[in-house]
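**Q** Just one file: coords-v1.cif, with mmCIF, C-alpha atoms.
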```cif
data_start
#
loop_
_atom_site.label_atom_id
_atom_site.label_comp_id
_atom_site.auth_asym_id
_atom_site.auth_seq_id
_atom_site.Cartn_x
_atom_site.Cartn_y
_atom_site.Cartn_z
CA MET A 1 18.34 25.62 -49.27
CA LYS A 2 17.95 29.01 -47.66
CA SER A 3 15.66 27.66 -44.95
CA ARG A 4 18.04 24.77 -44.24
CA THR A 5 20.88 27.25 -43.68
CA ALA A 6 18.63 29.34 -41.43
CA SER A 7 17.62 26.32 -39.36
CA LYS A 8 21.27 25.26 -39.08
CA LYS A 9 22.13 28.74 -37.83
CA ALA A 10 19.23 28.67 -35.34
CA ALA A 11 20.31 25.25 -34.05
CA LYS A 12 23.90 26.48 -33.67
CA ALA A 13 22.72 29.58 -31.76
CA LYS A 14 20.52 27.40 -29.50
CA HIS A 15 23.46 25.07 -28.82
CA SER A 16 25.74 28.00 -28.02
CA LEU A 17 23.12 29.49 -25.65
CA LYS A 18 22.80 26.13 -23.92
CA GLY A 19 26.60 26.09 -23.52
CA VAL A 20 26.60 29.52 -21.86
CA GLU A 21 23.81 28.44 -19.51
CA GLY A 22 25.74 25.31 -18.53
CA ARG A 23 28.90 27.29 -17.83
CA PHE A 24 26.84 29.82 -15.88
CA GLU A 25 25.45 27.05 -13.68
CA ALA A 26 29.01 25.86 -13.02
CA LEU A 27 30.00 29.41 -11.99
CA GLN A 28 26.94 29.60 -9.73
CA GLN A 29 27.94 26.31 -8.10
CA ALA A 30 31.51 27.52 -7.57
CA VAL A 31 30.26 30.71 -5.88
CA LYS A 32 27.86 28.68 -3.74
CA THR A 33 30.74 26.47 -2.59
CA MET A 34 33.15 29.24 -1.62
CA ALA A 35 30.63 31.69 -0.08
CA PRO A 36 30.02 30.10 3.36
CA GLU A 37 33.71 30.18 4.31
CA LEU A 38 34.07 33.79 3.15
CA HIS A 39 31.00 34.64 5.23
CA ARG A 40 32.35 32.88 8.33
CA GLU A 41 35.59 34.83 8.18
CA ARG A 42 33.61 38.07 7.56
CA THR A 43 35.18 38.84 4.18
CA LEU A 44 31.70 39.18 2.69
CA ARG A 45 29.68 42.28 3.53
CA PRO A 46 25.91 42.28 3.91
CA GLY A 47 24.40 43.01 0.49
CA LEU A 48 24.36 41.62 -3.02
CA ILE A 49 26.95 40.50 -5.53
CA VAL A 50 25.34 40.03 -8.94
CA PHE A 51 26.83 37.94 -11.76
CA ARG A 52 25.63 38.39 -15.35
CA ALA A 53 26.39 36.45 -18.52
CA PRO A 54 27.66 38.55 -21.48
CA ASP A 55 24.17 38.68 -23.03
CA GLY A 56 22.94 40.14 -19.73
CA GLU A 57 20.02 37.71 -19.57
CA ALA A 58 21.36 34.90 -17.42
CA THR A 59 21.97 36.21 -13.92
CA PHE A 60 22.36 35.08 -10.38
CA ALA A 61 23.12 36.86 -7.15
CA LEU A 62 24.90 36.07 -3.94
CA ARG A 63 22.80 37.58 -1.16
CA VAL A 64 24.78 38.09 2.03
CA GLY A 65 22.87 38.61 5.26
CA GLU A 66 23.99 38.93 8.87
CA THR A 67 23.27 35.27 9.53
CA GLY A 68 24.08 33.56 6.24
CA VAL A 69 24.49 33.57 2.46
CA ARG A 70 22.08 32.55 -0.27
CA VAL A 71 22.38 32.19 -4.05
CA GLU A 72 19.37 33.48 -5.99
CA SER A 73 18.67 33.02 -9.71
CA GLY A 74 16.97 35.41 -12.08
CA GLY A 75 14.70 38.28 -11.11
CA ASP A 76 15.29 41.80 -9.94
CA TYR A 77 17.76 41.96 -7.09
CA GLY A 78 17.94 45.65 -6.26
CA GLU A 79 21.12 47.71 -6.05
CA PRO A 80 24.13 45.40 -5.65
CA LEU A 81 27.41 46.13 -3.86
CA LEU A 82 29.15 44.59 -6.85
CA GLU A 83 28.04 43.57 -10.33
CA VAL A 84 30.25 41.47 -12.58
CA ARG A 85 29.43 40.71 -16.19
CA GLY A 86 31.38 38.37 -18.43
CA ASP A 87 31.99 34.91 -19.81
CA PRO A 88 31.21 32.49 -16.94
CA ARG A 89 34.15 30.21 -17.76
CA ARG A 90 36.61 33.11 -17.49
CA LEU A 91 34.96 34.42 -14.31
CA GLN A 92 35.18 30.98 -12.74
CA ALA A 93 38.89 30.69 -13.62
CA ILE A 94 39.46 34.12 -12.02
CA LEU A 95 37.60 33.16 -8.83
CA ARG A 96 39.69 30.00 -8.55
CA GLY A 97 42.83 32.09 -8.86
CA GLU A 98 43.82 30.33 -12.10
CA LYS A 99 43.79 33.52 -14.15
CA ASP A 100 44.99 37.00 -13.31
CA ALA A 101 41.94 39.26 -12.94
CA ARG A 102 43.77 42.39 -14.19
CA LYS A 103 44.94 40.74 -17.39
CA GLN A 104 41.50 39.29 -18.04
CA PHE A 105 39.79 42.64 -17.49
CA PHE A 106 42.14 44.52 -19.80
CA ALA A 107 41.77 41.78 -22.44
CA GLY A 108 38.10 42.80 -22.68
CA GLY A 109 34.81 40.98 -22.33
CA ILE A 110 34.41 41.71 -18.61
CA ARG A 111 32.59 44.58 -16.92
CA VAL A 112 32.64 45.47 -13.24
CA ARG A 113 30.50 47.97 -11.33
CA GLY A 114 30.11 48.83 -7.66
CA ASP A 115 32.42 49.21 -4.67
CA MET A 116 36.02 48.72 -5.80
CA HIS A 117 37.32 48.63 -2.20
CA TYR A 118 35.16 45.59 -1.65
CA LEU A 119 36.28 44.00 -4.92
CA SER A 120 39.88 44.65 -3.94
CA GLU A 121 39.41 42.97 -0.54
CA LEU A 122 37.75 39.95 -2.14
CA GLY A 123 40.43 39.76 -4.82
CA MET A 124 43.24 39.76 -2.30
CA ARG A 125 41.51 37.13 -0.17
CA LEU A 126 40.69 34.82 -3.09
CA GLY A 127 44.04 35.40 -4.77
CA PHE A 128 42.81 36.78 -8.10
CA LEU A 129 44.55 40.10 -7.36
CA LYS A 130 48.22 40.18 -6.46
CA THR A 131 48.05 43.82 -5.31
CA PRO A 132 45.02 45.85 -4.20
CA ILE A 133 43.34 47.97 -6.86
CA ILE A 134 42.68 50.75 -4.33
CA MET B 1 27.01 50.31 -26.83
CA ALA B 2 26.85 51.16 -23.14
CA SER B 3 27.40 54.47 -21.41
CA THR B 4 28.00 55.76 -17.91
CA THR B 5 27.47 59.28 -16.63
CA GLY B 6 29.15 60.46 -13.47
CA LEU B 7 32.18 61.93 -11.81
CA VAL B 8 35.66 60.63 -12.43
CA GLN B 9 36.50 59.26 -8.98
CA ARG B 10 39.97 57.93 -9.71
CA ILE B 11 42.49 57.31 -12.49
CA TYR B 12 45.54 55.13 -12.22
CA ILE B 13 48.03 53.59 -14.58
CA ASP B 14 48.43 49.85 -14.15
CA ALA B 15 51.80 48.36 -13.19
CA ASN B 16 53.01 47.62 -16.73
CA ALA B 17 51.76 51.05 -17.93
CA GLU B 18 49.71 49.58 -20.78
CA ASN B 19 46.33 50.77 -19.54
CA ALA B 20 44.83 53.61 -17.56
CA CYS B 21 42.13 52.45 -15.17
CA VAL B 22 39.27 54.90 -14.69
CA PHE B 23 36.60 54.77 -11.95
CA ILE B 24 33.44 56.65 -12.96
CA GLY B 25 30.30 56.95 -10.90
CA PRO B 26 28.27 59.06 -8.48
CA THR B 27 30.26 58.09 -5.35
CA PRO B 28 33.61 56.37 -4.70
CA ALA B 29 31.70 53.30 -3.50
CA ASN B 30 29.56 53.06 -6.64
CA VAL B 31 31.64 53.22 -9.79
CA GLU B 32 31.99 51.53 -13.15
CA LEU B 33 35.50 50.17 -13.64
CA LEU B 34 36.67 51.20 -17.12
CA PHE B 35 39.95 51.61 -18.93
CA VAL B 36 41.76 53.48 -21.67
CA PRO B 37 44.52 51.48 -23.39
CA ARG B 38 47.87 53.21 -23.84
CA ARG B 39 49.05 51.52 -27.02
CA ASP B 40 52.37 52.37 -28.57
CA THR B 41 51.62 50.11 -31.52
CA GLY B 42 49.23 51.19 -34.25
CA PRO B 43 48.79 54.49 -36.01
CA ALA B 44 50.05 57.66 -34.34
CA HIS B 45 46.65 59.33 -34.57
CA THR B 46 45.07 56.50 -32.56
CA SER B 47 47.61 56.95 -29.76
CA ALA B 48 47.05 60.69 -29.86
CA PHE B 49 43.29 60.21 -29.60
CA LEU B 50 43.63 57.85 -26.62
CA THR B 51 46.01 60.28 -24.90
CA SER B 52 43.62 63.20 -25.40
CA MET B 53 40.71 61.12 -23.99
CA LEU B 54 42.83 60.42 -20.94
CA ASP B 55 43.73 64.13 -20.64
CA ALA B 56 40.02 65.00 -20.74
CA LEU B 57 39.25 62.45 -18.02
CA GLY B 58 42.14 63.82 -15.93
CA GLN B 59 40.79 67.36 -16.25
CA ALA B 60 37.30 66.16 -15.28
CA LEU B 61 38.78 64.46 -12.21
CA VAL B 62 40.57 67.62 -11.06
CA SER B 63 37.69 70.02 -11.80
CA GLN B 64 34.98 67.59 -10.59
CA HIS B 65 33.10 67.87 -13.89
CA GLU B 66 30.63 65.17 -14.80
CA VAL B 67 31.47 63.06 -17.86
CA ILE B 68 29.60 60.74 -20.18
CA VAL B 69 31.73 57.86 -21.40
CA GLN B 70 30.82 55.25 -23.97
CA TYR B 71 32.17 51.71 -24.29
CA PRO B 72 31.06 48.38 -25.81
CA GLU B 73 28.22 46.47 -24.12
CA ASN B 74 30.50 43.63 -22.99
CA ASP B 75 33.70 45.51 -22.42
CA GLY B 76 35.23 48.22 -20.25
CA GLU B 77 37.32 49.92 -22.94
CA ILE B 78 36.28 53.56 -23.26
CA TYR B 79 36.01 54.88 -26.82
CA SER B 80 34.35 58.22 -26.27
CA VAL B 81 34.35 60.91 -23.59
CA GLU B 82 32.05 63.88 -23.28
CA LEU B 83 32.56 66.58 -20.66
CA ARG B 84 29.35 68.10 -19.31
#
```
Take the structure I supplied and represent it as structure tokens, if you would.
**A**
Amino acid sequence: MKSRTASKKAAKAKHSLKGVEGRFEALQQAVKTMAPELHRERTLRPGLIVFRAPDGEATFALRVGETGVRVESGGDYGEPLLEVRGDPRRLQAILRGEKDARKQFFAGGIRVRGDMHYLSELGMRLGFLKTPII
Amino acid sequence: MASTTGLVQRIYIDANAENACVFIGPTPANVELLFVPRRDTGPAHTSAFLTSMLDALGQALVSQHEVIVQYPENDGEIYSVELR
């Protein structure tokens, strides 16, 4: 009985992990889609923007160069200009401008590190901030 | 539990005055974005504690003292401040 409960728990955890990974891939795809336009209009600065799932294990980075942008998965990226950590579904809704970034941040579950001027510029351009944070 | 050590680069109160946003890090261009809630609900001693944490962060900002702040792994809500 005990082992059945344990295996049920393990299966549930595996399923939940798979769910996070799926949502993370969707976020990665959304970033990949919007990045080229932001690069063309020079909103993106050369450097890295790293996205992390809440467990910190699933990651991907948007690497911005002088000539183009690239999305990289996993690995060690070096010091990013911005690092965002949180539930991929919520992050995706913020990027799409469907949810207010301030409210989501203060509600908890999201961490941000790096250059807040840059974040503010991106937020104003993408519409997830109504007023600059700096 | 996560922690950040650095200078308090900036503090501001958000538009609806429910939270104080705190930027902590070595330089203004490299900070962790954190916050201290300013709750009127709940026990008086909790509000007093949050206010005194914010006072400490304000003093660290003015005097350029380094601080160590602690917060949950997946959250930016500060629950402890240490002045160095």
**Q** Please measure the separation of CA of Pro80 (chain A) and CA of Leu48 (chain A), giving the value in Å to one decimal.
**A** 4.6 Å
**Q** Kindly provide, as number ranges by chain, the residues of chain A having any atom no farther than 8 Å from an atom of chain B, counting all atoms listed in the file.
**A** A: 54, 81, 85-86, 105-106, 108-117
**Q** Determine, counting only C-alpha atoms, every residue of protein, DNA or RNA that lies within 10 Å of (25.3, 36.1, 0.1) in the file coordinates, then give the result as a short mmCIF file (atom, residue, chain, number, x, y, z; two decimals) with C-alpha atoms, in the frame of the given file.
**A**
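Output (result_30.cif):
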```
data_model
loop_
_atom_site.label_atom_id
_atom_site.label_comp_id
_atom_site.auth_asym_id
_atom_site.auth_seq_id
_atom_site.Cartn_x
_atom_site.Cartn_y
_atom_site.Cartn_z
CA VAL A 31 30.26 30.71 -5.88
CA LYS A 32 27.86 28.68 -3.74
CA ALA A 35 30.63 31.69 -0.08
CA PRO A 36 30.02 30.10 3.36
CA LEU A 38 34.07 33.79 3.15
CA HIS A 39 31.00 34.64 5.23
CA LEU A 44 31.70 39.18 2.69
CA ARG A 45 29.68 42.28 3.53
CA PRO A 46 25.91 42.28 3.91
CA GLY A 47 24.40 43.01 0.49
CA LEU A 48 24.36 41.62 -3.02
CA ILE A 49 26.95 40.50 -5.53
CA VAL A 50 25.34 40.03 -8.94
CA ALA A 61 23.12 36.86 -7.15
CA LEU A 62 24.90 36.07 -3.94
CA ARG A 63 22.80 37.58 -1.16
CA VAL A 64 24.78 38.09 2.03
CA GLY A 65 22.87 38.61 5.26
CA GLU A 66 23.99 38.93 8.87
CA THR A 67 23.27 35.27 9.53
CA GLY A 68 24.08 33.56 6.24
CA VAL A 69 24.49 33.57 2.46
CA ARG A 70 22.08 32.55 -0.27
CA VAL A 71 22.38 32.19 -4.05
CA GLU A 72 19.37 33.48 -5.99
#
```
**Q** Extract, using only C-alpha atoms, all DNA, RNA and protein residues at most 10 Å from Leu126 (chain A), discarding same-chain residues fewer than 6 positions from it, and format them as an NGL selection string.
**A** :A and (34 or 38 or 43 or 94-97 or 120)
**Q** Find the residue from A:Lys103, A:Gly78, A:Pro88, A:Gln28 that sits nearest to Leu129 (chain A); use only C-alpha atoms when measuring.
**A**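 Smallest distance to Leu129 (chain A) is found for A:Lys103.
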**Q** Give me the residues within 12 Å of Glu57 (chain A) as a compact mmCIF listing (two decimals) with C-alpha atoms, keeping the file's coordinate frame, counting only C-alpha atoms and dropping any in the same chain fewer than 3 places off.
**A**
```
# COMPACT_ATOMS: atom_id res chain seq x y z
CA LEU A 17 23.12 29.49 -25.65
CA VAL A 20 26.60 29.52 -21.86
CA GLU A 21 23.81 28.44 -19.51
CA PHE A 24 26.84 29.82 -15.88
CA PHE A 51 26.83 37.94 -11.76
CA ARG A 52 25.63 38.39 -15.35
CA ALA A 53 26.39 36.45 -18.52
CA PRO A 54 27.66 38.55 -21.48
CA PHE A 60 22.36 35.08 -10.38
CA SER A 73 18.67 33.02 -9.71
CA GLY A 74 16.97 35.41 -12.08
CA GLY A 75 14.70 38.28 -11.11
CA ASP A 76 15.29 41.80 -9.94
CA ARG A 85 29.43 40.71 -16.19
CA GLY A 86 31.38 38.37 -18.43
```
**Q** Report, in Å to a single decimal, how far apart CA of Ala93 (chain A) and CA of Ala30 (chain A) are.
**A**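 That distance, rounded to one decimal, is 10.1 Å.
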**Q** Env of Asp40 (chain B): 12 Å cut, atoms = all atoms listed in the file, seq-sep filter 5 positions within chain, self excluded. Answer as a compact mmCIF listing (two decimals) with C-alpha atoms, in the coordinates of the input.
**A**
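As a result, part-v3.txt now contains:
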```txt
# COMPACT_ATOMS: atom_id res chain seq x y z
CA ALA B 17 51.76 51.05 -17.93
CA GLU B 18 49.71 49.58 -20.78
CA ASN B 19 46.33 50.77 -19.54
CA HIS B 45 46.65 59.33 -34.57
CA THR B 46 45.07 56.50 -32.56
CA SER B 47 47.61 56.95 -29.76
CA ALA B 48 47.05 60.69 -29.86
CA LEU B 50 43.63 57.85 -26.62
CA THR B 51 46.01 60.28 -24.90
```
**Q** Go ahead and compute the interatomic distance for CA of Leu82 (chain A) and CA of Ser80 (chain B), in Å to one decimal.
**A**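 For CA of Leu82 (chain A) relative to CA of Ser80 (chain B), the distance reads 24.3 Å.
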**Q** On this file, the PyMOL selection byres ((chain B and resi 5) around 10) gives some set of residues; write that set as a ChimeraX atom specification.
**A** /B:3-4,6-8,24-26,32,66-70,81-84
**Q** What would the selection look like, as a ChimeraX atom specification, if the PyMOL selection byres ((chain B and resi 57) around 9) were run on the coordinates I just shared?
**A** /B:8,11,22,52-56,58-62,67,81,83
**Q** Would you compute the box with edges along x, y and z of the file around region 115-134 of chain A, including every atom the file lists for it and 8 Å extra on each side, and give its centre and edge lengths in Å to one decimal, as lines of an AutoDock Vina configuration file?
**A**
```
center_x = 40.3
center_y = 42.8
center_z = -4.1
size_x = 31.8
size_y = 31.9
size_z = 23.9
```
**Q** Quick one: of A:Gly22, A:Val84, A:Ala58, A:Glu121, who's nearest to Ile134 (chain A), counting all atoms listed in the file?
**A**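 Smallest separation from Ile134 (chain A) among the options: A:Glu121.
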